[in-house]
Amino acid sequence: MGLLAAVRREWFIIGIVLVILSAKLQPSVGVRGGPLKPEISVAYVAVSLIFFNSGLSLKTEELTSALLHVRLHLFVQTFTLVFFPLAVWLLLKVLALTAIDQWLLRGLQTVSCMPPPVSSSVILTKASEAAAIFNSAFGSFLFGLLFLQLGSSSSVPFSSIFSQLFMTVVVPLVLGQVCRGFLREYLERRKLPFGAVSSGVLLMIIYTTFCDTFSNPHIELDPTSLLLVVLIIFFIQLSFMLLTFAFSTRSGSGFSPADTVAIVFCSTHKSLTLGIPMLKIVFKGYEHLSLISVPLLIYHPAQILLGSVLVPTIRSWMTSQQKLSTLQPV
């Protein structure tokens with residue numbers, strides 16, 4: 001029963017491994033022009049479905065109340081979308097002098113520009129969850145700037161990228177909200193598995209991405225580079241978690257223990273659900289797309305692993321802080 005429970009809990013991570021192995025065994029199924037037609041089914045249908053699903057699950061009335069958390073969200077978004085990319089960019093300037101695969105390094109840069117995942121917002125109030133969905137979708141448009149920064153050999157026009165982002169991100173998100181208005185009572189009565197739907201669609205996107213890779217005989221993944229990238233990712237996460245914890249708990253910060261927990265996780269976590277579809281859009285035409293995606297695929301389980309390890313310690317810290325606050329004279 002313990003093993004079955006573990007499989008149910010980590011089914012998505014297991015799914016990632018299985019779809020990559022499947023792509024290795026039979027890459028012709030998911031390549032561009034293959035039976036799955038990923039240039040249509042993934043680039044438009046699958047990506048749009050993920051954002052429509054997000055719009056359908058988002059409670060509209062929570063967007064207004066999310067404004068109550070402006071200070072916390074401002075910190076999280078500034079750290080996530082400004083400090084994080086800048087710090088990683090400086091680190092990559094040094095790593096560029098090493099023998100690490102350049103496409104993996106580009107992948108690290110894309111990870112640094114990712115918005116925070118909606119899943120991390122469960123440690124906030126529901127109003128913060130609504131803001132996280134909005135900020136994640138909005139942050140996806142930063143990939144356009146990333147596209148210019150990294151340069152591209154793709155023949156896809158820059159304006160076309162933003163057009164596709166608008167049609168596959170903004171429009172489905174708005175449609176999801178409109179549909180929710182008509183289905184509000186049904187959705188609140190039936191707890192639908194919105195997260196599982198998005199995760200299932202995401203597995204299809206990952207599968208087709210790696211089908212393209214394994215069907216190209218000129219692409220090889222250096223094991224040494226991969227190992228170094230794994231170590232670098234763990235180093236980045238631990239360093240930034242400590243940094244955000246130290247900053248949010250310093251004297252005069254004004255953040256509560258609950259705010260600190262939110263800051264530590266949301267500021268350092270990156271969205272795989274939104275990230276992979278955006279990579280498919282922005283780096284369309286890159287034959288090394290899957291190598292660029294590898295750091296993000298590593299970052300996701302790494303943040304889950306670190307989060308699981310740290311939860312008992314953080315829970316103990318929060319309990320002690322709450323006890324101290326009750327003992328302090330008013």
# chains A, B, ... in the order shown; residues from 1 in each chain; ligands from 1

call {"tool": "residues_around", "arguments": {"residues": "region 170-175 of chain A", "least_positions_apart": "2", "cutoff": "6 Å", "atoms": "only C-alpha atoms", "output": "PyMOL selection string"}}
result
chain A and resi 48+51-52+55+166-167+177-178

call {"tool": "residues_around", "arguments": {"residues": "Thr244 (chain A)", "least_positions_apart": "6", "cutoff": "8 Å", "atoms": "only C-alpha atoms", "output": "PyMOL selection string"}}
result
chain A and resi 260+263-264+267

call {"tool": "closest_residue", "arguments": {"among": "A:Ile276, A:Leu203, A:Ser316, A:Gly254", "to": "Ile14 (chain A)", "atoms": "only C-alpha atoms"}}
result
A:Leu203

call {"tool": "closest_residue", "arguments": {"among": "A:Leu104, A:Leu242, A:Val94, A:Ala6", "to": "Phe265 (chain A)", "atoms": "only C-alpha atoms"}}
result
A:Leu242

call {"tool": "closest_residue", "arguments": {"among": "A:Leu243, A:Leu25, A:Leu291, A:Leu4", "to": "Phe83 (chain A)", "atoms": "only C-alpha atoms"}}
result
A:Leu243

call {"tool": "residues_around", "arguments": {"residues": "Ser239 (chain A)", "least_positions_apart": "5", "cutoff": "12 Å", "atoms": "only C-alpha atoms", "output": "list in words"}}
result
Phe84, Ala87, Val88, Ile232, Ile233, Phe234, Thr244, Phe245, Ala246, Val264, Ser267, Thr268 and Leu306 of chain A

call {"tool": "select_by_dssp", "arguments": {"residues": "region 9-84 of chain A", "states": "alpha helix (DSSP H)", "output": "VMD selection string"}}
result
chain A and resid 9 11 to 25 38 to 40 47 to 57 62 to 65 70 to 78 84

call {"tool": "atom_distance", "arguments": {"atom1": "CA of Cys211 (chain A)", "atom2": "CA of Val31 (chain A)"}}
result
5.4 Å

call {"tool": "residues_around", "arguments": {"residues": "Leu226 (chain A)", "least_positions_apart": "3", "cutoff": "9 Å", "atoms": "only C-alpha atoms", "output": "list of chain:residue names"}}
result
A:Ile100, A:Asp101, A:Leu104, A:Leu221, A:Asp222, A:Pro223, A:Val229, A:Val230, A:Leu231, A:Val294, A:Pro295

call {"tool": "residues_around", "arguments": {"residues": "Thr213 (chain A)", "least_positions_apart": "5", "cutoff": "12 Å", "atoms": "only C-alpha atoms", "output": "ChimeraX atom specification"}}
result
/A:20,23-28,30-32,206-208,218-221,286-294

call {"tool": "closest_residue", "arguments": {"among": "A:Leu296, A:Ile304, A:Met204, A:Val311", "to": "Leu18 (chain A)", "atoms": "only C-alpha atoms"}}
result
A:Met204

call {"tool": "atom_distance", "arguments": {"atom1": "CA of Pro301 (chain A)", "atom2": "CA of Leu90 (chain A)"}}
result
24.4 Å

call {"tool": "atom_distance", "arguments": {"atom1": "CA of Leu187 (chain A)", "atom2": "CA of Leu56 (chain A)"}}
result
8.7 Å

call {"tool": "closest_residue", "arguments": {"among": "A:Ser199, A:Ser225, A:Thr313, A:Thr80", "to": "Leu95 (chain A)", "atoms": "only C-alpha atoms"}}
result
A:Ser225
